[in-house]
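Shown next: input-v7.cif, containing mmCIF, C-alpha atoms and all ligand atoms.
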```cif
data_target
#
loop_
_atom_site.label_atom_id
_atom_site.label_comp_id
_atom_site.auth_asym_id
_atom_site.auth_seq_id
_atom_site.Cartn_x
_atom_site.Cartn_y
_atom_site.Cartn_z
CA MET A 1 135.36 106.41 100.33
CA ARG A 2 133.81 105.71 96.99
CA ARG A 3 130.11 105.11 97.20
CA LEU A 4 126.71 105.74 95.68
CA THR A 5 123.76 106.75 97.85
CA VAL A 6 120.22 106.56 96.52
CA LEU A 7 118.31 109.74 97.33
CA GLY A 8 115.19 108.72 95.45
CA SER A 9 113.91 105.89 93.30
CA CYS A 10 110.42 106.80 92.09
CA GLY A 11 109.44 107.85 88.61
CA ALA A 12 106.79 110.51 87.95
CA TRP A 13 105.90 111.40 91.57
CA PRO A 14 107.25 110.30 94.95
CA GLU A 15 105.46 107.64 96.95
CA ALA A 16 104.95 108.30 100.67
CA GLY A 17 108.30 108.08 102.40
CA ARG A 18 110.20 108.04 99.13
CA ALA A 19 111.53 110.55 96.61
CA CYS A 20 111.95 110.85 92.87
CA SER A 21 115.20 110.44 90.99
CA GLY A 22 118.39 111.43 92.77
CA PHE A 23 121.79 109.94 93.61
CA LEU A 24 124.81 111.12 95.55
CA VAL A 25 128.16 109.90 94.25
CA GLU A 26 131.12 110.29 96.62
CA TYR A 27 134.72 109.68 95.58
CA ASP A 28 137.52 110.42 98.04
CA GLY A 29 135.66 113.43 99.44
CA PHE A 30 134.33 114.75 96.11
CA ARG A 31 130.51 114.88 96.10
CA LEU A 32 128.53 114.79 92.89
CA VAL A 33 124.74 114.71 92.67
CA LEU A 34 122.96 113.00 89.79
CA ASP A 35 119.45 114.46 89.39
CA LEU A 36 117.46 116.16 92.15
CA GLY A 37 113.81 115.27 91.65
CA TYR A 38 110.86 115.81 93.98
CA ALA A 39 111.71 115.26 97.68
CA THR A 40 115.38 114.44 97.18
CA LEU A 41 116.72 117.59 98.81
CA PRO A 42 115.98 116.67 102.47
CA ARG A 43 117.79 113.40 101.90
CA LEU A 44 120.75 115.23 100.39
CA LEU A 45 120.81 117.72 103.28
CA ALA A 46 120.89 114.84 105.75
CA ARG A 47 124.35 114.20 104.33
CA CYS A 48 125.41 117.68 103.22
CA PRO A 49 123.59 120.09 105.60
CA GLY A 50 124.58 123.25 103.75
CA GLY A 51 124.08 121.79 100.32
CA GLU A 52 127.85 121.81 99.99
CA VAL A 53 128.25 119.51 97.02
CA ASP A 54 130.96 119.82 94.40
CA ALA A 55 128.89 119.24 91.26
CA VAL A 56 125.30 118.70 90.18
CA VAL A 57 124.35 116.79 87.04
CA VAL A 58 120.78 116.87 85.74
CA THR A 59 119.70 114.59 82.92
CA HIS A 60 116.57 116.42 81.80
CA ALA A 61 113.99 119.05 82.59
CA HIS A 62 111.17 116.93 83.93
CA PRO A 63 110.37 117.87 87.54
CA ASP A 64 110.87 114.36 88.90
CA HIS A 65 114.54 114.89 87.97
CA CYS A 66 115.21 118.58 88.50
CA VAL A 67 112.70 120.40 90.69
CA ASP A 68 114.77 120.20 93.88
CA VAL A 69 117.63 121.98 92.14
CA GLN A 70 115.50 125.06 92.84
CA ALA A 71 115.38 124.07 96.51
CA LEU A 72 119.17 123.66 96.52
CA LEU A 73 119.40 127.10 94.92
CA ARG A 74 117.44 128.48 97.89
CA VAL A 75 119.74 126.73 100.34
CA ARG A 76 122.70 128.36 98.63
CA HIS A 77 120.94 131.71 98.10
CA PHE A 78 119.65 132.18 101.65
CA GLY A 79 121.85 129.90 103.70
CA ALA A 80 125.26 130.16 102.10
CA ARG A 81 125.56 133.67 100.68
CA GLY A 82 128.91 134.30 99.12
CA ALA A 83 129.70 130.63 98.70
CA ALA A 84 131.40 129.57 95.51
CA ARG A 85 129.16 128.61 92.66
CA ILE A 86 128.58 124.92 92.08
CA PRO A 87 128.99 123.56 88.55
CA LEU A 88 125.64 122.45 87.16
CA TYR A 89 125.86 120.16 84.15
CA CYS A 90 122.42 119.94 82.64
CA ALA A 91 120.37 119.16 79.58
CA PRO A 92 118.50 121.84 77.61
CA GLY A 93 115.50 123.28 79.43
CA VAL A 94 116.64 122.61 82.99
CA VAL A 95 117.80 126.14 83.82
CA GLU A 96 114.64 127.60 82.30
CA ARG A 97 112.48 125.21 84.35
CA ILE A 98 114.27 126.17 87.57
CA SER A 99 114.07 129.88 86.73
CA ALA A 100 110.36 129.67 86.02
CA LEU A 101 109.63 128.39 89.53
CA GLU A 102 110.85 131.67 91.04
CA PRO A 103 112.07 134.23 88.53
CA SER A 104 113.65 136.46 91.19
CA GLU A 105 116.22 133.79 92.03
CA ASP A 106 118.69 133.33 89.21
CA PRO A 107 120.17 129.81 89.04
CA ARG A 108 123.38 131.36 87.76
CA GLU A 109 123.89 133.00 91.18
CA ALA A 110 124.51 129.61 92.72
CA PHE A 111 125.46 127.48 89.74
CA HIS A 112 128.03 127.63 87.01
CA VAL A 113 125.94 126.18 84.18
CA ARG A 114 127.58 123.80 81.72
CA PRO A 115 125.52 122.23 78.91
CA LEU A 116 124.82 118.55 78.34
CA PRO A 117 125.42 116.57 76.31
CA GLY A 118 129.13 117.21 76.53
CA ALA A 119 132.35 115.79 77.95
CA TYR A 120 134.02 117.32 80.98
CA ARG A 121 136.55 116.75 83.70
CA VAL A 122 134.57 116.94 86.96
CA GLY A 123 136.81 116.58 89.99
CA PRO A 124 138.16 113.03 89.85
CA PHE A 125 135.69 112.03 87.15
CA ARG A 126 135.60 112.12 83.42
CA LEU A 127 131.97 112.87 82.58
CA GLU A 128 130.67 111.78 79.21
CA SER A 129 127.09 112.07 78.09
CA GLN A 130 124.83 111.40 75.18
CA LEU A 131 121.28 112.10 74.22
CA LEU A 132 118.87 109.24 74.74
CA PRO A 133 115.27 108.97 73.52
CA HIS A 134 112.76 110.62 75.82
CA HIS A 135 109.87 113.08 75.62
CA VAL A 136 112.33 115.96 76.14
CA PRO A 137 116.12 116.10 75.58
CA ASN A 138 117.63 113.65 78.06
CA ALA A 139 121.37 113.24 78.55
CA GLY A 140 122.50 109.87 79.82
CA VAL A 141 125.78 110.21 81.73
CA ARG A 142 128.85 108.10 82.28
CA LEU A 143 131.34 108.80 85.05
CA THR A 144 134.78 107.23 85.13
CA ALA A 145 137.57 107.59 87.66
CA PRO A 146 140.33 105.21 88.76
CA ALA A 147 138.65 101.94 89.83
CA VAL A 148 135.15 103.33 89.28
CA THR A 149 132.85 103.33 86.24
CA LEU A 150 129.19 104.13 86.60
CA ALA A 151 126.55 105.14 84.14
CA TYR A 152 123.03 106.51 84.48
CA THR A 153 120.32 106.67 81.88
CA GLY A 154 118.11 109.37 83.29
CA ASP A 155 114.86 108.58 81.47
CA SER A 156 115.26 106.69 78.22
CA GLY A 157 113.60 104.39 75.80
CA PRO A 158 115.57 101.51 74.31
CA ALA A 159 118.50 102.73 72.20
CA ALA A 160 121.77 101.40 70.82
CA ALA A 161 123.57 104.25 72.59
CA LEU A 162 122.83 102.54 75.91
CA ALA A 163 125.35 99.81 75.15
CA GLU A 164 128.09 102.39 74.74
CA LEU A 165 126.99 104.56 77.65
CA GLY A 166 126.95 101.65 80.08
CA ALA A 167 129.91 99.65 78.75
CA GLY A 168 131.40 97.77 81.69
CA ALA A 169 129.55 99.99 84.17
CA ASP A 170 129.43 98.97 87.81
CA PRO A 171 126.69 99.82 88.35
CA PHE A 172 124.67 100.80 85.31
CA ILE A 173 121.80 102.76 86.87
CA MET A 174 118.88 102.26 84.53
CA GLU A 175 115.41 103.56 84.56
CA ALA A 176 112.92 100.70 84.52
CA THR A 177 109.63 102.52 84.72
CA HIS A 178 107.39 99.80 83.43
CA GLN A 179 106.77 96.09 83.79
CA GLY A 180 105.54 93.56 81.26
CA ASP A 181 105.44 94.35 77.57
CA PRO A 182 107.19 97.41 76.14
CA ALA A 183 104.81 100.34 76.27
CA SER A 184 106.79 103.34 75.10
CA PRO A 185 109.71 104.36 72.89
CA TYR A 186 110.66 106.86 75.59
CA LEU A 187 110.74 104.73 78.75
CA MET A 188 111.88 101.18 79.44
CA THR A 189 110.55 98.07 81.06
CA ALA A 190 112.72 96.15 83.52
CA ARG A 191 113.19 93.44 80.92
CA GLU A 192 114.43 95.98 78.38
CA ALA A 193 116.77 97.51 80.96
CA GLY A 194 118.21 94.07 81.62
CA ARG A 195 118.65 93.43 77.93
CA TRP A 196 120.57 96.65 77.37
CA ALA A 197 122.65 96.19 80.52
CA ALA A 198 123.66 92.79 79.15
CA ARG A 199 124.57 94.28 75.76
CA ALA A 200 126.65 96.91 77.54
CA GLY A 201 128.50 94.26 79.52
CA ALA A 202 127.54 96.04 82.74
CA ARG A 203 128.93 94.47 85.90
CA ARG A 204 125.91 95.35 88.03
CA LEU A 205 122.49 96.67 87.08
CA MET A 206 120.66 99.06 89.37
CA LEU A 207 116.98 99.40 88.54
CA THR A 208 115.34 102.72 89.37
CA HIS A 209 112.55 105.15 88.37
CA PHE A 210 109.85 102.72 89.39
CA TRP A 211 106.30 103.69 88.60
CA PRO A 212 104.64 104.54 91.94
CA GLY A 213 102.84 101.60 93.48
CA SER A 214 104.56 98.97 91.38
CA ASP A 215 105.86 95.78 93.01
CA ARG A 216 109.61 96.13 92.64
CA ALA A 217 110.18 92.41 93.11
CA VAL A 218 108.36 91.89 89.82
CA SER A 219 110.75 94.30 88.10
CA VAL A 220 113.75 92.43 89.51
CA GLY A 221 112.37 89.13 88.27
CA GLU A 222 111.86 90.54 84.80
CA ALA A 223 115.33 92.09 84.68
CA ARG A 224 116.86 88.77 85.70
CA GLU A 225 115.29 87.16 82.63
CA THR A 226 117.56 89.27 80.43
CA PHE A 227 120.56 90.17 82.61
CA GLY A 228 122.74 87.50 84.22
CA GLY A 229 124.68 89.75 86.61
CA GLU A 230 123.72 91.20 89.95
CA VAL A 231 120.51 93.23 89.95
CA ILE A 232 120.23 95.95 92.60
CA VAL A 233 116.97 97.68 93.44
CA ALA A 234 117.34 101.41 94.03
CA ASP A 235 115.81 102.16 97.41
CA GLU A 236 115.96 105.40 99.38
CA ASP A 237 119.10 105.56 101.54
CA LEU A 238 120.63 102.47 99.98
CA VAL A 239 124.41 102.86 99.89
CA VAL A 240 126.41 100.96 97.31
CA ASP A 241 130.16 100.63 97.57
CA LEU A 242 131.59 101.53 94.19
CA THR A 243 134.73 99.50 94.63
CA VAL A 244 133.32 96.34 96.21
CA ALA A 245 130.76 94.28 94.35
CA SER A 246 128.16 94.11 97.10
CA PRO A 247 125.64 96.75 98.17
CA SER A 248 125.10 97.47 101.84
CA ARG A 249 122.45 99.41 103.64
CA THR A 250 123.73 101.76 106.29
CA SER A 251 122.01 102.47 109.58
CA GLU A 252 121.34 106.08 108.57
CA ARG A 253 117.76 105.51 107.50
ZN ZN A 301 111.28 110.69 85.18
#
```
Now, as a test, write the supplied structure out as structure tokens.
Amino acid sequence: MRRLTVLGSCGAWPEAGRACSGFLVEYDGFRLVLDLGYATLPRLLARCPGGEVDAVVVTHAHPDHCVDVQALLRVRHFGARGAARIPLYCAPGVVERISALEPSEDPREAFHVRPLPGAYRVGPFRLESQLLPHHVPNAGVRLTAPAVTLAYTGDSGPAAALAELGAGADPFIMEATHQGDPASPYLMTAREAGRWAARAGARRLMLTHFWPGSDRAVSVGEARETFGGEVIVADEDLVVDLTVASPSRTSER
């Protein structure tokens, strides 16, 4: 089973019934989490009740991407004492942010911290990462394994590095916070995401990190102006098969 499950799709703060950035990547039983923003943990626990994942990857220290790592720490601290530490690959500032939430709980009790950007072997994956432009250090990540290539921007403005990060990705998970004209060097519009997905030669583009309240159909329309491949809208509980080029929603919602 090789699949991607969307835990959350909102940027900044979670809309009612949704969550901020988070994805679960499963590959032949290996479970890797990409970001754990606000409200993602209950959705992760619906699939991994004891928080028993094999690796956590966090792109940057903003709370809409990392705050529920502290909640996962509590699951491991109180609910799974003595369990093996989970590798946590994260950008600068993430561990400090988690520690500051509750100084008496040390993230290093539950996590084996490995810095990003960097390149690692993570279970079946080769993980590569590179810094992308954002308000704080943000590590975009690329995961490759036999028959699977996916990439994820975290939060990023437009940058040439995106073409390399997402080369041939299927899908290229791209933040598309804004609509309309470019508004920031540190975040993208859907049209910009489409443009960089096209330059990367991505097979499929998954739009995510939508500004709360925005009409996602508008974002899809704008991305289609610049990207000719399939555009997928990240949506809580959406499951995408990583080896078959068609997303499918499960009945788990
Ligand atoms: Zn964000």
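Considering only C-alpha atoms and all ligand atoms, the residue among A:Leu238, A:Ala183, A:Leu36, A:Leu101 positioned nearest to ligand ZN 301 (chain A) is A:Leu36.
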- Query: Using all atoms listed in the file, which of A:Arg76, A:His60, A:Arg195, A:Arg47 sits nearest Leu116 (chain A)?
  - Reply: A:His60
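Taking CA of Arg142 (chain A) and CA of Arg43 (chain A) as endpoints, the distance between them is 23.1 Å.
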Closest pair table for chain A residues within 9 Å of ligand ZN 301 (chain A), all atoms listed in the file, as JSON lines:
```
{"residue": "A:Cys10", "atom": "CA", "partner": "A:ZN301", "partner_atom": "ZN", "distance": 8.0}
{"residue": "A:Gly11", "atom": "CA", "partner": "A:ZN301", "partner_atom": "ZN", "distance": 4.8}
{"residue": "A:Ala12", "atom": "CA", "partner": "A:ZN301", "partner_atom": "ZN", "distance": 5.3}
{"residue": "A:Trp13", "atom": "CA", "partner": "A:ZN301", "partner_atom": "ZN", "distance": 8.4}
{"residue": "A:Cys20", "atom": "CA", "partner": "A:ZN301", "partner_atom": "ZN", "distance": 7.7}
{"residue": "A:Ser21", "atom": "CA", "partner": "A:ZN301", "partner_atom": "ZN", "distance": 7.0}
{"residue": "A:Gly37", "atom": "CA", "partner": "A:ZN301", "partner_atom": "ZN", "distance": 8.3}
{"residue": "A:His60", "atom": "CA", "partner": "A:ZN301", "partner_atom": "ZN", "distance": 8.5}
{"residue": "A:His62", "atom": "CA", "partner": "A:ZN301", "partner_atom": "ZN", "distance": 6.4}
{"residue": "A:Pro63", "atom": "CA", "partner": "A:ZN301", "partner_atom": "ZN", "distance": 7.6}
{"residue": "A:Asp64", "atom": "CA", "partner": "A:ZN301", "partner_atom": "ZN", "distance": 5.2}
{"residue": "A:His65", "atom": "CA", "partner": "A:ZN301", "partner_atom": "ZN", "distance": 6.0}
{"residue": "A:Gly154", "atom": "CA", "partner": "A:ZN301", "partner_atom": "ZN", "distance": 7.2}
{"residue": "A:Asp155", "atom": "CA", "partner": "A:ZN301", "partner_atom": "ZN", "distance": 5.6}
{"residue": "A:Ser156", "atom": "CA", "partner": "A:ZN301", "partner_atom": "ZN", "distance": 9.0}
{"residue": "A:Glu175", "atom": "CA", "partner": "A:ZN301", "partner_atom": "ZN", "distance": 8.3}
{"residue": "A:Thr177", "atom": "CA", "partner": "A:ZN301", "partner_atom": "ZN", "distance": 8.3}
{"residue": "A:Leu187", "atom": "CA", "partner": "A:ZN301", "partner_atom": "ZN", "distance": 8.8}
{"residue": "A:His209", "atom": "CA", "partner": "A:ZN301", "partner_atom": "ZN", "distance": 6.5}
```
- Students should find that CA of His77 (chain A) and CA of Val58 (chain A) are spaced 19.3 Å
- Message: For a quick check of understanding, using only C-alpha atoms, which of A:Met1, A:Leu41, A:Ala71, A:Val53 has the smallest distance to Arg18 (chain A)?
- Response: A:Leu41
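Taking CA of Ala176 (chain A) and CA of Trp211 (chain A) as the two end points, the separation is 8.3 Å.
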Would you fill the gaps in region 178-209 of chain A so it has N, CA and C atoms, then print it as an mmCIF file, keeping the file's coordinate frame?
```cif
data_model
loop_
_atom_site.group_PDB
_atom_site.id
_atom_site.type_symbol
_atom_site.label_atom_id
_atom_site.label_comp_id
_atom_site.auth_asym_id
_atom_site.auth_seq_id
_atom_site.Cartn_x
_atom_site.Cartn_y
_atom_site.Cartn_z
ATOM 1 N N HIS A 178 108.545 100.666 83.670
ATOM 2 C CA HIS A 178 107.390 99.800 83.430
ATOM 3 C C HIS A 178 107.720 98.327 83.657
ATOM 4 N N GLN A 179 106.650 97.540 83.708
ATOM 5 C CA GLN A 179 106.770 96.090 83.790
ATOM 6 C C GLN A 179 105.993 95.491 82.615
ATOM 7 N N GLY A 180 106.283 94.237 82.319
ATOM 8 C CA GLY A 180 105.540 93.560 81.260
ATOM 9 C C GLY A 180 106.030 93.927 79.880
ATOM 10 N N ASP A 181 105.093 94.089 78.958
ATOM 11 C CA ASP A 181 105.440 94.350 77.570
ATOM 12 C C ASP A 181 105.866 95.796 77.376
ATOM 13 N N PRO A 182 106.781 96.026 76.422
ATOM 14 C CA PRO A 182 107.190 97.410 76.140
ATOM 15 C C PRO A 182 105.986 98.281 75.816
ATOM 16 N N ALA A 183 105.979 99.469 76.410
ATOM 17 C CA ALA A 183 104.810 100.340 76.270
ATOM 18 C C ALA A 183 105.145 101.677 75.647
ATOM 19 N N SER A 184 106.441 101.982 75.507
ATOM 20 C CA SER A 184 106.790 103.340 75.100
ATOM 21 C C SER A 184 108.168 103.345 74.450
ATOM 22 N N PRO A 185 108.347 104.187 73.426
ATOM 23 C CA PRO A 185 109.710 104.360 72.890
ATOM 24 C C PRO A 185 110.563 105.275 73.757
ATOM 25 N N TYR A 186 109.965 105.843 74.801
ATOM 26 C CA TYR A 186 110.660 106.860 75.590
ATOM 27 C C TYR A 186 110.912 106.458 77.041
ATOM 28 N N LEU A 187 110.489 105.266 77.410
ATOM 29 C CA LEU A 187 110.740 104.730 78.750
ATOM 30 C C LEU A 187 110.947 103.221 78.585
ATOM 31 N N MET A 188 111.601 102.606 79.569
ATOM 32 C CA MET A 188 111.880 101.180 79.440
ATOM 33 C C MET A 188 111.107 100.331 80.444
ATOM 34 N N THR A 189 110.981 99.066 80.100
ATOM 35 C CA THR A 189 110.550 98.070 81.060
ATOM 36 C C THR A 189 111.799 97.503 81.747
ATOM 37 N N ALA A 190 111.576 96.777 82.831
ATOM 38 C CA ALA A 190 112.720 96.150 83.520
ATOM 39 C C ALA A 190 113.398 95.135 82.621
ATOM 40 N N ARG A 191 112.603 94.442 81.820
ATOM 41 C CA ARG A 191 113.190 93.440 80.920
ATOM 42 C C ARG A 191 114.069 94.119 79.872
ATOM 43 N N GLU A 192 113.613 95.243 79.354
ATOM 44 C CA GLU A 192 114.430 95.980 78.380
ATOM 45 C C GLU A 192 115.697 96.517 79.042
ATOM 46 N N ALA A 193 115.580 97.023 80.255
ATOM 47 C CA ALA A 193 116.770 97.510 80.960
ATOM 48 C C ALA A 193 117.788 96.392 81.107
ATOM 49 N N GLY A 194 117.318 95.217 81.490
ATOM 50 C CA GLY A 194 118.210 94.070 81.620
ATOM 51 C C GLY A 194 118.887 93.714 80.311
ATOM 52 N N ARG A 195 118.106 93.777 79.246
ATOM 53 C CA ARG A 195 118.650 93.430 77.930
ATOM 54 C C ARG A 195 119.768 94.392 77.539
ATOM 55 N N TRP A 196 119.556 95.677 77.767
ATOM 56 C CA TRP A 196 120.570 96.650 77.370
ATOM 57 C C TRP A 196 121.762 96.646 78.333
ATOM 58 N N ALA A 197 121.533 96.337 79.579
ATOM 59 C CA ALA A 197 122.650 96.190 80.520
ATOM 60 C C ALA A 197 123.535 95.023 80.095
ATOM 61 N N ALA A 198 122.896 93.958 79.616
ATOM 62 C CA ALA A 198 123.660 92.790 79.150
ATOM 63 C C ALA A 198 124.475 93.163 77.906
ATOM 64 N N ARG A 199 123.846 93.890 76.977
ATOM 65 C CA ARG A 199 124.570 94.280 75.760
ATOM 66 C C ARG A 199 125.735 95.205 76.095
ATOM 67 N N ALA A 200 125.584 95.991 77.134
ATOM 68 C CA ALA A 200 126.650 96.910 77.540
ATOM 69 C C ALA A 200 127.779 96.186 78.272
ATOM 70 N N GLY A 201 127.502 94.947 78.705
ATOM 71 C CA GLY A 201 128.500 94.260 79.520
ATOM 72 C C GLY A 201 128.628 94.873 80.898
ATOM 73 N N ALA A 202 127.521 95.434 81.412
ATOM 74 C CA ALA A 202 127.540 96.040 82.740
ATOM 75 C C ALA A 202 127.860 94.990 83.795
ATOM 76 N N ARG A 203 128.613 95.392 84.813
ATOM 77 C CA ARG A 203 128.930 94.470 85.900
ATOM 78 C C ARG A 203 127.737 94.283 86.826
ATOM 79 N N ARG A 204 127.131 95.398 87.208
ATOM 80 C CA ARG A 204 125.910 95.350 88.030
ATOM 81 C C ARG A 204 124.871 96.267 87.404
ATOM 82 N N LEU A 205 123.618 95.875 87.574
ATOM 83 C CA LEU A 205 122.490 96.670 87.080
ATOM 84 C C LEU A 205 121.710 97.180 88.272
ATOM 85 N N MET A 206 121.540 98.492 88.353
ATOM 86 C CA MET A 206 120.660 99.060 89.370
ATOM 87 C C MET A 206 119.392 99.545 88.679
ATOM 88 N N LEU A 207 118.275 98.972 89.068
ATOM 89 C CA LEU A 207 116.980 99.400 88.540
ATOM 90 C C LEU A 207 116.462 100.572 89.356
ATOM 91 N N THR A 208 115.908 101.570 88.659
ATOM 92 C CA THR A 208 115.340 102.720 89.370
ATOM 93 C C THR A 208 114.208 103.325 88.559
ATOM 94 N N HIS A 209 113.652 104.441 89.053
ATOM 95 C CA HIS A 209 112.550 105.150 88.370
ATOM 96 C C HIS A 209 111.335 104.253 88.263
#
```
